[in-house]
>>> print(open('protein-v2.txt').read())   # compact mmCIF, C-alpha atoms
# COMPACT_ATOMS: atom_id res chain seq x y z
CA MET A 19 -21.56 -3.17 -42.93
CA THR A 20 -22.89 -6.27 -41.18
CA PRO A 21 -26.17 -6.04 -39.23
CA ALA A 22 -24.35 -6.88 -35.99
CA LEU A 23 -21.87 -4.04 -36.45
CA GLY A 24 -24.67 -1.66 -37.34
CA ALA A 25 -26.63 -2.63 -34.23
CA LEU A 26 -23.51 -2.14 -32.10
CA ARG A 27 -22.89 1.31 -33.56
CA ARG A 28 -26.50 2.20 -32.91
CA LEU A 29 -26.37 1.02 -29.30
CA LEU A 30 -23.12 2.90 -28.70
CA CYS A 31 -24.61 6.10 -30.09
CA LEU A 32 -22.14 6.12 -32.98
CA ALA A 33 -24.68 5.83 -35.80
CA PRO A 34 -26.96 8.58 -37.13
CA VAL A 35 -30.64 8.42 -36.26
CA PRO A 36 -32.78 7.81 -39.38
CA ALA A 37 -36.14 9.52 -39.74
CA GLY A 38 -38.91 7.67 -37.99
CA GLN A 39 -36.51 5.88 -35.64
CA SER A 40 -36.94 8.24 -32.70
CA PRO A 41 -38.80 5.69 -30.48
CA ALA A 42 -36.11 3.06 -31.17
CA PHE A 43 -33.37 5.61 -30.44
CA LEU A 44 -34.94 6.55 -27.10
CA ARG A 45 -35.44 2.88 -26.25
CA ASP A 46 -31.79 2.10 -26.97
CA ARG A 47 -30.64 5.13 -24.95
CA LEU A 48 -32.87 4.02 -22.07
CA ILE A 49 -30.92 0.77 -21.91
CA VAL A 50 -27.42 1.81 -22.87
CA LEU A 51 -26.84 5.09 -21.03
CA PRO A 52 -27.73 3.86 -17.52
CA LEU A 53 -25.75 0.68 -18.16
CA LEU A 54 -22.68 2.65 -19.30
CA THR A 55 -23.04 4.90 -16.26
CA VAL A 56 -23.03 1.96 -13.86
CA ILE A 57 -20.08 0.31 -15.64
CA ALA A 58 -18.06 3.53 -15.76
CA PHE A 59 -18.58 4.58 -12.16
CA GLY A 60 -18.43 1.02 -10.84
CA SER A 61 -15.08 0.33 -12.54
CA LEU A 62 -13.73 3.69 -11.41
CA SER A 63 -14.86 3.05 -7.85
CA LEU A 64 -13.11 -0.33 -7.73
CA ALA A 65 -9.88 0.92 -9.31
CA TYR A 66 -9.86 4.10 -7.24
CA GLY A 67 -10.60 2.23 -4.02
CA ASP A 68 -7.86 -0.32 -4.72
CA VAL A 69 -5.17 2.34 -5.22
CA HIS A 70 -6.23 4.43 -2.24
CA GLY A 71 -6.71 1.34 -0.08
CA ASP A 72 -3.07 0.50 -0.81
CA SER A 73 -2.05 4.00 0.32
CA SER A 74 -3.86 3.46 3.62
CA ARG A 75 -2.13 0.11 4.12
CA ILE A 76 1.27 1.63 3.34
CA ALA A 77 0.79 4.59 5.69
CA ASP A 78 -0.81 2.72 8.59
CA ARG A 79 0.49 -0.84 8.32
CA THR A 80 3.39 -1.82 6.08
CA GLY A 81 5.48 1.33 6.52
CA PRO A 82 5.28 1.42 10.34
CA ALA A 83 5.93 -2.35 10.56
CA LEU A 84 9.12 -1.97 8.50
CA VAL A 85 10.26 0.91 10.69
CA GLU A 86 9.67 -1.06 13.88
CA LEU A 87 11.61 -4.06 12.58
CA THR A 88 14.51 -1.81 11.61
CA ARG A 89 14.47 -0.19 15.04
CA ALA A 90 14.53 -3.61 16.71
CA GLU A 91 17.41 -4.77 14.55
CA VAL A 92 19.52 -1.70 15.28
CA ALA A 93 18.72 -1.82 19.01
CA LEU A 94 19.82 -5.47 19.19
CA ASP A 95 23.08 -4.65 17.44
CA GLN A 96 23.69 -1.79 19.84
CA ALA A 97 22.91 -4.08 22.78
CA GLN A 98 25.50 -6.59 21.54
CA LYS A 99 28.11 -3.85 21.23
CA GLU A 100 27.23 -2.62 24.71
CA ALA A 101 27.64 -6.11 26.15
CA ASP A 102 30.97 -6.61 24.36
CA SER A 103 32.39 -3.26 25.42
CA VAL A 104 31.40 -3.73 29.07
CA LEU A 105 32.03 -7.42 29.65
CA GLN A 106 35.25 -7.59 27.63
CA GLY A 107 36.61 -4.34 28.98
CA PRO A 108 39.44 -4.04 31.46
CA GLU A 109 37.08 -3.31 34.34
CA LEU A 110 34.95 -6.08 35.79
CA ILE A 111 31.72 -4.16 36.02
CA GLY A 112 28.14 -5.13 35.40
CA LEU A 113 26.09 -4.32 32.36
CA GLY A 114 24.47 -1.29 33.95
CA GLN A 115 21.31 0.32 32.55
CA THR A 116 22.20 0.85 28.89
CA TYR A 117 22.04 -2.79 27.82
CA PRO A 118 18.66 -3.56 29.52
CA THR A 119 17.27 -0.35 28.00
CA LEU A 120 18.32 -1.42 24.50
CA ILE A 121 16.89 -4.93 24.96
CA THR A 122 13.63 -3.48 26.26
CA ARG A 123 13.49 -1.12 23.28
CA ALA A 124 14.09 -3.99 20.83
CA THR A 125 11.41 -6.12 22.52
CA GLN A 126 8.92 -3.26 22.37
CA ASN A 127 9.69 -2.69 18.68
CA LEU A 128 9.17 -6.38 17.94
CA ASN A 129 5.87 -6.35 19.84
CA GLU A 130 4.72 -3.26 17.93
CA ALA A 131 5.56 -4.95 14.64
CA ALA A 132 3.81 -8.16 15.71
CA GLN A 133 0.60 -6.22 16.41
CA SER A 134 0.61 -4.61 12.97
CA PRO A 135 -2.18 -5.76 10.62
CA ALA A 136 0.41 -5.66 7.83
CA LEU A 137 1.79 -9.04 8.90
CA SER A 138 0.35 -12.26 7.60
CA ALA A 139 -0.13 -15.26 9.86
CA ALA A 140 3.18 -16.78 8.70
CA GLN A 141 5.03 -13.48 9.18
CA ARG A 142 3.56 -13.04 12.65
CA GLN A 143 4.56 -16.58 13.58
CA GLY A 144 8.10 -15.91 12.36
CA LEU A 145 8.22 -12.75 14.47
CA GLN A 146 7.13 -14.75 17.52
CA VAL A 147 10.09 -17.05 16.93
CA VAL A 148 12.36 -14.00 16.81
CA SER A 149 10.93 -12.74 20.11
CA GLY A 150 11.64 -16.11 21.71
CA LEU A 151 15.22 -16.07 20.39
CA VAL A 152 15.71 -12.58 21.82
CA VAL A 153 14.68 -13.90 25.24
CA ASP A 154 17.25 -16.72 24.95
CA TYR A 155 19.87 -14.28 23.67
CA ASN A 156 19.26 -11.99 26.63
CA GLY A 157 19.57 -15.00 28.93
CA TYR A 158 23.03 -15.84 27.55
CA ILE A 159 24.18 -12.25 27.98
CA GLY A 160 22.84 -12.24 31.55
CA THR A 161 24.68 -15.50 32.29
CA ALA A 162 27.88 -14.02 30.89
CA ASP A 163 27.38 -10.99 33.13
CA ARG A 164 26.91 -13.18 36.20
CA ASN A 165 30.11 -15.08 35.32
CA ARG A 166 32.21 -12.05 34.45
CA ASP A 167 34.78 -13.13 37.03
CA ASP A 168 35.39 -16.31 35.02
CA PRO A 169 36.89 -15.31 31.62
CA THR A 170 36.31 -18.71 30.05
CA LEU A 171 32.60 -18.94 30.91
CA LYS A 172 32.04 -15.27 30.17
CA LYS A 173 33.54 -15.53 26.67
CA ALA A 174 31.70 -18.77 25.98
CA TYR A 175 28.31 -17.30 26.82
CA LEU A 176 29.10 -14.13 24.86
CA SER A 177 29.96 -16.35 21.91
CA TYR A 178 26.66 -18.25 22.30
CA ALA A 179 24.77 -14.96 22.36
CA LEU A 180 26.59 -13.57 19.32
CA SER A 181 26.01 -16.76 17.31
CA MET A 182 22.29 -16.47 18.09
CA LEU A 183 22.25 -12.85 17.00
CA CYS A 184 24.08 -13.16 13.68
CA GLU A 185 26.59 -15.10 11.61
CA THR A 186 30.04 -14.40 12.98
CA THR A 187 33.11 -13.30 11.05
CA ASP A 188 35.43 -15.88 12.59
CA GLY A 189 33.15 -18.84 11.73
CA THR A 190 32.52 -19.92 15.30
CA ASP A 191 29.19 -21.66 15.78
CA GLY A 192 28.84 -21.05 19.50
CA THR A 193 29.87 -24.58 20.48
CA GLY A 194 33.66 -24.21 20.70
CA GLY A 195 35.76 -22.87 23.47
CA THR A 196 37.21 -19.83 21.76
CA GLY A 197 34.48 -17.59 23.16
CA SER A 198 33.75 -14.33 21.39
CA THR A 199 37.26 -13.97 19.94
CA GLY A 200 38.83 -15.84 17.10
CA GLY A 201 41.88 -18.01 17.32
CA ALA A 202 44.17 -15.14 16.32
CA GLY A 203 42.77 -12.88 19.02
CA THR A 204 40.64 -10.83 16.64
CA PRO A 205 37.27 -9.99 18.22
CA ALA A 206 34.39 -11.88 16.65
CA GLY A 207 31.61 -9.86 15.08
CA CYS A 208 28.64 -10.06 12.79
CA ALA A 209 29.43 -10.90 9.17
CA ASP A 210 28.67 -8.45 6.40
CA ARG A 211 25.11 -8.99 5.28
CA THR A 212 25.96 -8.65 1.62
CA VAL A 213 28.14 -11.80 1.69
CA ARG A 214 25.81 -13.86 3.83
CA GLY A 215 23.20 -16.30 2.64
CA TYR A 216 19.49 -15.83 3.02
CA GLU A 217 18.74 -18.88 5.16
CA ALA A 218 16.94 -17.52 8.19
CA THR A 219 18.67 -19.04 11.23
CA THR A 220 19.93 -16.23 13.46
CA ILE A 221 17.93 -13.36 14.91
CA GLN A 222 19.31 -10.89 12.39
CA ASP A 223 18.65 -13.31 9.51
CA ARG A 224 15.06 -13.86 10.59
CA ILE A 225 14.40 -10.14 10.97
CA GLY A 226 16.01 -9.54 7.58
CA SER A 227 13.79 -12.21 6.03
CA LEU A 228 10.71 -10.51 7.51
CA GLU A 229 11.89 -7.15 6.21
CA ARG A 230 12.36 -8.53 2.71
CA SER A 231 8.89 -10.05 2.86
CA LEU A 232 7.36 -6.73 3.96
CA ARG A 233 9.29 -4.86 1.25
CA ALA A 234 7.84 -7.27 -1.30
CA ASP A 235 4.38 -6.48 0.08
CA LEU A 236 5.19 -2.78 -0.12
CA ASP A 237 6.33 -3.12 -3.74
CA HIS A 238 3.04 -4.82 -4.55
CA GLU A 239 1.01 -2.16 -2.74
CA ALA A 240 2.92 0.75 -4.30
CA GLY A 241 2.56 -0.60 -7.83
CA TRP A 242 -0.42 0.01 -10.06
CA GLY A 243 -1.35 -3.66 -10.19
CA THR A 244 -3.01 -5.58 -13.01
CA GLY A 245 -6.54 -5.35 -11.58
CA PRO A 246 -6.67 -1.56 -11.19
CA VAL A 247 -5.14 -1.06 -14.66
CA ILE A 248 -7.77 -3.28 -16.29
CA LEU A 249 -10.57 -1.59 -14.33
CA ALA A 250 -9.21 1.84 -15.25
CA ALA A 251 -9.15 0.88 -18.93
CA VAL A 252 -12.76 -0.34 -18.72
CA ALA A 253 -13.77 2.86 -16.92
CA CYS A 254 -12.05 5.06 -19.55
CA ALA A 255 -13.78 3.26 -22.42
CA ALA A 256 -17.16 3.42 -20.66
CA TYR A 257 -16.71 7.11 -19.85
CA ALA A 258 -15.82 7.92 -23.45
CA LEU A 259 -18.88 6.09 -24.76
CA LEU A 260 -21.06 7.63 -22.04
CA ALA A 261 -19.88 11.13 -22.90
CA VAL A 262 -20.59 10.55 -26.60
CA GLY A 263 -23.97 9.01 -25.79
CA LEU A 264 -25.06 11.87 -23.53
CA PHE A 265 -23.93 14.49 -26.04
CA ARG A 266 -25.76 12.82 -28.92
CA THR A 267 -28.87 12.27 -26.80
CA LEU A 268 -28.95 15.92 -25.73
CA THR A 269 -28.45 16.96 -29.35
CA PHE A 270 -31.22 14.61 -30.49
CA LEU A 271 -33.69 15.94 -27.91
CA LYS A 272 -32.85 19.52 -28.88
CA ALA A 273 -33.28 18.83 -32.60
CA ARG A 274 -36.37 16.59 -32.53
CA PHE A 275 -38.25 17.80 -29.45
CA ARG A 276 -36.91 21.36 -29.17
CA LEU A 277 -36.09 20.33 -25.62
CA LEU A 278 -33.10 21.06 -23.40
CA SER A 279 -33.04 18.17 -20.93
CA LEU A 280 -31.87 19.53 -17.60
CA PRO A 281 -31.81 16.09 -15.90
CA LEU A 282 -29.54 14.68 -18.60
CA ALA A 283 -27.41 17.81 -18.57
CA ALA A 284 -27.02 17.39 -14.80
CA THR A 285 -25.67 13.85 -15.25
CA VAL A 286 -22.76 15.33 -17.22
CA LEU A 287 -21.49 17.14 -14.10
CA PRO A 288 -20.07 14.02 -12.36
CA LEU A 289 -18.12 13.27 -15.53
CA LEU A 290 -16.29 16.57 -15.12
CA ALA A 291 -14.91 15.37 -11.78
CA VAL A 292 -13.28 12.31 -13.32
CA PRO A 293 -10.09 14.11 -14.52
CA VAL A 294 -9.67 15.54 -11.01
CA LEU A 295 -9.95 12.06 -9.49
CA VAL A 296 -7.43 10.74 -12.00
CA LEU A 297 -4.94 13.47 -11.08
CA GLY A 298 -5.49 12.71 -7.39
CA THR A 299 -4.87 9.01 -7.98
CA VAL A 300 -1.64 9.73 -9.86
CA GLN A 301 -0.53 12.01 -7.01
CA VAL A 302 -1.23 9.32 -4.43
CA GLN A 303 0.60 6.70 -6.47
CA HIS A 304 3.63 8.99 -6.66
CA GLY A 305 3.54 9.22 -2.86
CA GLN A 306 3.42 5.42 -2.63
CA ALA A 307 6.40 5.16 -4.99
CA ALA A 308 8.32 7.64 -2.81
CA VAL A 309 7.68 5.47 0.26
CA ARG A 310 8.88 2.42 -1.64
CA ARG A 311 12.11 4.22 -2.59
CA ILE A 312 12.69 5.20 1.04
CA ALA A 313 12.06 1.65 2.24
CA ASP A 314 14.24 0.05 -0.45
CA GLY A 315 16.93 2.71 -0.03
CA GLY A 316 17.24 4.38 3.36
CA LEU A 317 15.66 1.74 5.59
CA ALA A 318 17.42 -1.09 3.76
CA ARG A 319 20.80 0.65 4.15
CA VAL A 320 20.25 1.27 7.86
CA SER A 321 19.15 -2.35 8.33
CA SER A 322 21.98 -3.94 6.34
CA ALA A 323 24.64 -1.69 7.88
CA ALA A 324 23.55 -2.23 11.49
CA PRO A 325 25.53 -5.42 12.19
CA ALA A 326 28.73 -4.18 10.52
CA VAL A 327 28.96 -0.63 11.82
CA GLN A 328 31.15 -0.15 14.88
CA LEU A 329 29.86 2.69 17.03
CA SER A 330 30.62 3.96 20.49
CA ARG A 331 27.99 3.65 23.16
CA THR A 332 27.08 7.30 23.14
CA ALA A 333 27.10 7.75 19.39
CA GLY A 334 25.54 4.36 18.72
CA THR A 335 22.59 4.96 21.01
CA ALA A 336 21.61 8.21 19.31
CA ALA A 337 22.74 8.03 15.70
CA ALA A 338 20.92 5.01 14.31
CA PRO A 339 17.50 5.65 15.89
CA GLY A 340 17.82 9.28 14.83
CA SER A 341 18.35 8.26 11.21
CA ILE A 342 15.38 5.94 11.42
CA ASP A 343 13.31 8.77 12.85
CA GLU A 344 14.29 10.88 9.88
CA LEU A 345 13.31 8.14 7.45
CA GLN A 346 10.01 7.68 9.27
CA GLN A 347 9.35 11.40 8.94
CA ARG A 348 10.15 11.22 5.23
CA ILE A 349 7.66 8.36 4.82
CA ALA A 350 4.96 10.29 6.67
CA GLY A 351 5.81 13.43 4.70
CA ALA A 352 5.55 11.64 1.37
CA MET A 353 2.08 10.33 2.20
CA ARG A 354 1.01 13.68 3.66
CA ARG A 355 2.11 15.63 0.58
CA ALA A 356 0.12 13.21 -1.58
CA HIS A 357 -3.04 14.10 0.46
CA CYS A 358 -3.82 10.38 0.69
CA ALA A 359 -6.44 10.69 3.41
CA GLY A 360 -8.36 13.41 1.57
CA TRP A 361 -8.43 11.56 -1.73
CA ALA A 362 -9.37 8.28 -0.04
CA ALA A 363 -12.41 9.93 1.54
CA VAL A 364 -13.92 10.38 -1.94
CA THR A 365 -14.02 6.62 -2.58
CA GLY A 366 -17.39 6.06 -0.93
CA PHE A 367 -19.12 8.69 -3.09
CA ILE A 368 -18.11 7.45 -6.55
CA LEU A 369 -20.45 4.48 -6.94
CA PRO A 370 -23.47 6.23 -5.31
CA ALA A 371 -22.96 9.15 -7.69
CA GLY A 372 -22.95 6.73 -10.61
CA LEU A 373 -26.08 4.93 -9.43
CA LEU A 374 -27.84 8.25 -8.92
CA GLY A 375 -26.80 9.38 -12.40
CA ALA A 376 -28.02 6.11 -13.92
CA ALA A 377 -31.37 6.47 -12.13
CA VAL A 378 -31.81 10.08 -13.27
CA THR A 379 -30.86 9.17 -16.83
CA GLY A 380 -33.25 6.24 -16.95
CA TRP A 381 -36.09 8.23 -15.40
CA ALA A 382 -35.66 11.14 -17.83
CA LEU A 383 -35.41 8.96 -20.94
CA LEU A 384 -38.37 6.85 -19.86
CA ALA A 385 -40.45 10.00 -19.44
CA TYR A 386 -39.38 11.38 -22.84
CA ARG A 387 -40.07 8.10 -24.59
CA ARG A 388 -43.49 7.75 -22.97
CA ASP A 389 -44.41 11.31 -23.94
CA TYR A 390 -43.18 10.74 -27.49
CA VAL A 391 -45.24 7.58 -27.91
CA ARG A 392 -48.35 9.37 -26.65
CA VAL A 393 -48.05 12.18 -29.25
CA PRO A 394 -51.06 11.71 -31.62
CA ARG A 395 -50.44 11.18 -35.31
CA ARG A 396 -51.67 13.68 -37.89
CA GLU A 397 -54.28 11.32 -39.31
CA ASP A 398 -55.86 11.04 -35.85
CA PHE A 399 -57.07 14.64 -36.24
CA GLN A 400 -58.74 13.99 -39.61
>>> encode(input="protein-v2.txt", output="C-alpha cells")
Amino acid sequence: MTPALGALRRLLCLAPVPAGQSPAFLRDRLIVLPLLTVIAFGSLSLAYGDVHGDSSRIADRTGPALVELTRAEVALDQAQKEADSVLQGPELIGLGQTYPTLITRATQNLNEAAQSPALSAAQRQGLQVVSGLVVDYNGYIGTADRNRDDPTLKKAYLSYALSMLCETTDGTDGTGGTGSTGGAGTPAGCADRTVRGYEATTIQDRIGSLERSLRADLDHEAGWGTGPVILAAVACAAYALLAVGLFRTLTFLKARFRLLSLPLAATVLPLLAVPVLVLGTVQVQHGQAAVRRIADGGLARVSSAAPAVQLSRTAGTAAAPGSIDELQQRIAGAMRRAHCAGWAAVTGFILPAGLLGAAVTGWALLAYRRDYVRVPRREDFQ
C-alpha cells in the first residue's frame, strides 16, 4: 500500500489505530470530522434548498402563470365565438354584455400572468405584445359591431379580428373582401393547432409560444437537475464517511480512555434526521412531477382544443373555465399532498445544525487531545 493511500485511509477513519498513535489519531479526527460535517450538511442544504425552492416556484409562480394564460386563451376564443354568433346572426343586435365580459376576463388573466415572477424579461415583453394585440382585436370587433348594418364592412372587420386572433381555416389573411366566410360560404374559423406552425404571429400563436416556454421552465423545475444530483452524491459520501468516523472515534475513546463522549454522541442525532429529509424530498419531487403531468396533459389539451371546439354561448362560458378550475385544484392538491411548505421550512435549519455539530465535534476532540497530551508519562513519577 502506498503512503498516500495509507494516509487517506487514516484520515477517513478506515485504518486501524496503531499503539502509540493516539495523539495523531485525535489530531486527524480534529481536522477531518468537523470538515466532513460541514461538507455533508452544506451539500445537503444546497441540494435540499434547490429542490424545495423549485417546489415553491412551481406552486406560486409557474403553475399559476400557466393557468392564467390558459384562461386568457379560452376566454378569447369564447369572445370570438360570441362575436360571430351575434354579429352574423339573423338579428341585427349589438354585442351585449357577454362579449365585453369575456374580453375583460381575458385582459385580467393576461395582466395576472404578466405580474407573475415566473416570467422572464423576454416572456413579459412578449405578453405585453399580446395585450396590445388584444386591444387592437377588440377594436376591430367593436368596429364590426358599429357597422353591423353594413354586411360588407361588418364581415371585413370580423375577418381582420379573426386573422389577428388565430390562423384561419380558409386561408384568408384579413386583407381580402371575403370577410369571415370562405369563398364557398363555409364560415371561417381557427385552424387546428396540431397542423399549424410554431411561428408566433397571431394572438393564439403568441400565447401558445409563451405556454410552451413556461412548460419548459416547469419541466426544468420539476426535474432533479444535475446540480442537486451532484450535491446529493457528495452529501451521501460525506455522511457515510462521517458516520464511520464518528463510530470509530467513539469506539476509540471508549477503548483507550474508558470514556463515553456525550458531545460526540449528540452529534450523531442530526444524522438520524437525514433519511427523513430524503423521504420528504422524494415526496416533494413526486408532487412536482404530478404538476408537470397536469400541465403537459390537462392544461395543454384545454389550450390546444380551445380554438377548434365549437361551443354554445351558455355551455362555452361555463365549461372551459370550469375544467381549468378543476385542473388548478389538481395542481394545488398535488403540491398540498406533498407537504411542500412544511418540508421547505426545514431548509434554513440544515446548515446551522451542521455548523453547530462541527463546532461541538471540534471542541470535544480538542479537549480530549489536550487532556491526553497532558497525561504524565510513567517515567515522570520515577
>>> closest_residue(input="protein-v2.txt", among="A:Ile248, A:Tyr158, A:Gly372, A:Ala307", to="Leu289 (chain A)", atoms="only C-alpha atoms")
A:Gly372
>>> closest_residue(input="protein-v2.txt", among="A:Ser279, A:Asp343, A:His304, A:Lys172", to="Ala385 (chain A)", atoms="all atoms listed in the file")
A:Ser279
>>> closest_residue(input="protein-v2.txt", among="A:Leu228, A:Ile49, A:Leu180, A:Leu384", to="Ala162 (chain A)", atoms="only C-alpha atoms")
A:Leu180
>>> residues_around(input="protein-v2.txt", residues="region 234-246 of chain A", least_positions_apart="3", cutoff="12 Å", atoms="all atoms listed in the file", output="JSON, numbers by chain")
{"A": [61, 62, 63, 64, 65, 66, 67, 68, 69, 70, 71, 72, 73, 74, 75, 76, 77, 78, 79, 80, 81, 82, 83, 84, 136, 137, 138, 141, 227, 228, 229, 230, 231, 249, 250, 251, 252, 253, 254, 299, 300, 302, 303, 304, 305, 306, 307, 308, 309, 310, 311, 312, 313, 314, 353]}
>>> write_last_selection(input="protein-v2.txt", atoms="C-alpha atoms", output="PDB file, in the coordinates of the input")
ATOM      1  CA  SER A  61     -15.080   0.330 -12.540  1.00  0.00           C
ATOM      2  CA  LEU A  62     -13.730   3.690 -11.410  1.00  0.00           C
ATOM      3  CA  SER A  63     -14.860   3.050  -7.850  1.00  0.00           C
ATOM      4  CA  LEU A  64     -13.110  -0.330  -7.730  1.00  0.00           C
ATOM      5  CA  ALA A  65      -9.880   0.920  -9.310  1.00  0.00           C
ATOM      6  CA  TYR A  66      -9.860   4.100  -7.240  1.00  0.00           C
ATOM      7  CA  GLY A  67     -10.600   2.230  -4.020  1.00  0.00           C
ATOM      8  CA  ASP A  68      -7.860  -0.320  -4.720  1.00  0.00           C
ATOM      9  CA  VAL A  69      -5.170   2.340  -5.220  1.00  0.00           C
ATOM     10  CA  HIS A  70      -6.230   4.430  -2.240  1.00  0.00           C
ATOM     11  CA  GLY A  71      -6.710   1.340  -0.080  1.00  0.00           C
ATOM     12  CA  ASP A  72      -3.070   0.500  -0.810  1.00  0.00           C
ATOM     13  CA  SER A  73      -2.050   4.000   0.320  1.00  0.00           C
ATOM     14  CA  SER A  74      -3.860   3.460   3.620  1.00  0.00           C
ATOM     15  CA  ARG A  75      -2.130   0.110   4.120  1.00  0.00           C
ATOM     16  CA  ILE A  76       1.270   1.630   3.340  1.00  0.00           C
ATOM     17  CA  ALA A  77       0.790   4.590   5.690  1.00  0.00           C
ATOM     18  CA  ASP A  78      -0.810   2.720   8.590  1.00  0.00           C
ATOM     19  CA  ARG A  79       0.490  -0.840   8.320  1.00  0.00           C
ATOM     20  CA  THR A  80       3.390  -1.820   6.080  1.00  0.00           C
ATOM     21  CA  GLY A  81       5.480   1.330   6.520  1.00  0.00           C
ATOM     22  CA  PRO A  82       5.280   1.420  10.340  1.00  0.00           C
ATOM     23  CA  ALA A  83       5.930  -2.350  10.560  1.00  0.00           C
ATOM     24  CA  LEU A  84       9.120  -1.970   8.500  1.00  0.00           C
ATOM     25  CA  ALA A 136       0.410  -5.660   7.830  1.00  0.00           C
ATOM     26  CA  LEU A 137       1.790  -9.040   8.900  1.00  0.00           C
ATOM     27  CA  SER A 138       0.350 -12.260   7.600  1.00  0.00           C
ATOM     28  CA  GLN A 141       5.030 -13.480   9.180  1.00  0.00           C
ATOM     29  CA  SER A 227      13.790 -12.210   6.030  1.00  0.00           C
ATOM     30  CA  LEU A 228      10.710 -10.510   7.510  1.00  0.00           C
ATOM     31  CA  GLU A 229      11.890  -7.150   6.210  1.00  0.00           C
ATOM     32  CA  ARG A 230      12.360  -8.530   2.710  1.00  0.00           C
ATOM     33  CA  SER A 231       8.890 -10.050   2.860  1.00  0.00           C
ATOM     34  CA  LEU A 249     -10.570  -1.590 -14.330  1.00  0.00           C
ATOM     35  CA  ALA A 250      -9.210   1.840 -15.250  1.00  0.00           C
ATOM     36  CA  ALA A 251      -9.150   0.880 -18.930  1.00  0.00           C
ATOM     37  CA  VAL A 252     -12.760  -0.340 -18.720  1.00  0.00           C
ATOM     38  CA  ALA A 253     -13.770   2.860 -16.920  1.00  0.00           C
ATOM     39  CA  CYS A 254     -12.050   5.060 -19.550  1.00  0.00           C
ATOM     40  CA  THR A 299      -4.870   9.010  -7.980  1.00  0.00           C
ATOM     41  CA  VAL A 300      -1.640   9.730  -9.860  1.00  0.00           C
ATOM     42  CA  VAL A 302      -1.230   9.320  -4.430  1.00  0.00           C
ATOM     43  CA  GLN A 303       0.600   6.700  -6.470  1.00  0.00           C
ATOM     44  CA  HIS A 304       3.630   8.990  -6.660  1.00  0.00           C
ATOM     45  CA  GLY A 305       3.540   9.220  -2.860  1.00  0.00           C
ATOM     46  CA  GLN A 306       3.420   5.420  -2.630  1.00  0.00           C
ATOM     47  CA  ALA A 307       6.400   5.160  -4.990  1.00  0.00           C
ATOM     48  CA  ALA A 308       8.320   7.640  -2.810  1.00  0.00           C
ATOM     49  CA  VAL A 309       7.680   5.470   0.260  1.00  0.00           C
ATOM     50  CA  ARG A 310       8.880   2.420  -1.640  1.00  0.00           C
ATOM     51  CA  ARG A 311      12.110   4.220  -2.590  1.00  0.00           C
ATOM     52  CA  ILE A 312      12.690   5.200   1.040  1.00  0.00           C
ATOM     53  CA  ALA A 313      12.060   1.650   2.240  1.00  0.00           C
ATOM     54  CA  ASP A 314      14.240   0.050  -0.450  1.00  0.00           C
ATOM     55  CA  MET A 353       2.080  10.330   2.200  1.00  0.00           C
TER      56      MET A 353
END
>>> closest_residue(input="protein-v2.txt", among="A:Leu260, A:Tyr175, A:Ser149, A:Gln346", to="Gln222 (chain A)", atoms="only C-alpha atoms")
A:Ser149
>>> closest_residue(input="protein-v2.txt", among="A:Ala140, A:Val364, A:Lys99, A:Asp163", to="Val292 (chain A)", atoms="all atoms listed in the file")
A:Val364
>>> closest_residue(input="protein-v2.txt", among="A:Gly380, A:Gly360, A:Gly316, A:Gly263", to="Ile342 (chain A)", atoms="all atoms listed in the file")
A:Gly316
>>> atom_distance(input="protein-v2.txt", atom1="CA of Gly160 (chain A)", atom2="CA of Leu176 (chain A)")
9.4 Å
>>> atom_distance(input="protein-v2.txt", atom1="CA of Thr186 (chain A)", atom2="CA of Arg319 (chain A)")
19.7 Å
>>> atom_distance(input="protein-v2.txt", atom1="CA of Glu100 (chain A)", atom2="CA of Thr116 (chain A)")
7.4 Å
>>> residues_around(input="protein-v2.txt", residues="Pro169 (chain A)", least_positions_apart="5", cutoff="10 Å", atoms="all atoms listed in the file", output="PyMOL selection string")
chain A and resi 105-106+162+174+197
>>> write_last_selection(input="protein-v2.txt", atoms="C-alpha atoms", output="compact mmCIF listing (two decimals), keeping the file's coordinate frame")
# COMPACT_ATOMS: atom_id res chain seq x y z
CA LEU A 105 32.03 -7.42 29.65
CA GLN A 106 35.25 -7.59 27.63
CA ALA A 162 27.88 -14.02 30.89
CA ALA A 174 31.70 -18.77 25.98
CA GLY A 197 34.48 -17.59 23.16
>>> residues_around(input="protein-v2.txt", residues="Leu282 (chain A)", least_positions_apart="5", cutoff="10 Å", atoms="only C-alpha atoms", output="ChimeraX atom specification")
/A:264-265,267-268,287,375-376,378-383
>>> residues_around(input="protein-v2.txt", residues="Leu183 (chain A)", least_positions_apart="2", cutoff="9 Å", atoms="only C-alpha atoms", output="list in words")
Leu94, Asp95, Gln98, Leu151, Val152, Tyr155, Tyr178, Ala179, Leu180, Ser181, Glu185, Thr186, Cys208, Thr220, Ile221, Gln222 and Asp223 of chain A
>>> residues_around(input="protein-v2.txt", residues="Val50 (chain A)", least_positions_apart="2", cutoff="10 Å", atoms="only C-alpha atoms", output="list in words")
Leu29, Leu30, Cys31, Leu44, Arg45, Asp46, Arg47, Leu48, Pro52, Leu53, Leu54, Thr55, Leu259, Leu260, Gly263, Ala376 and Gly380 of chain A
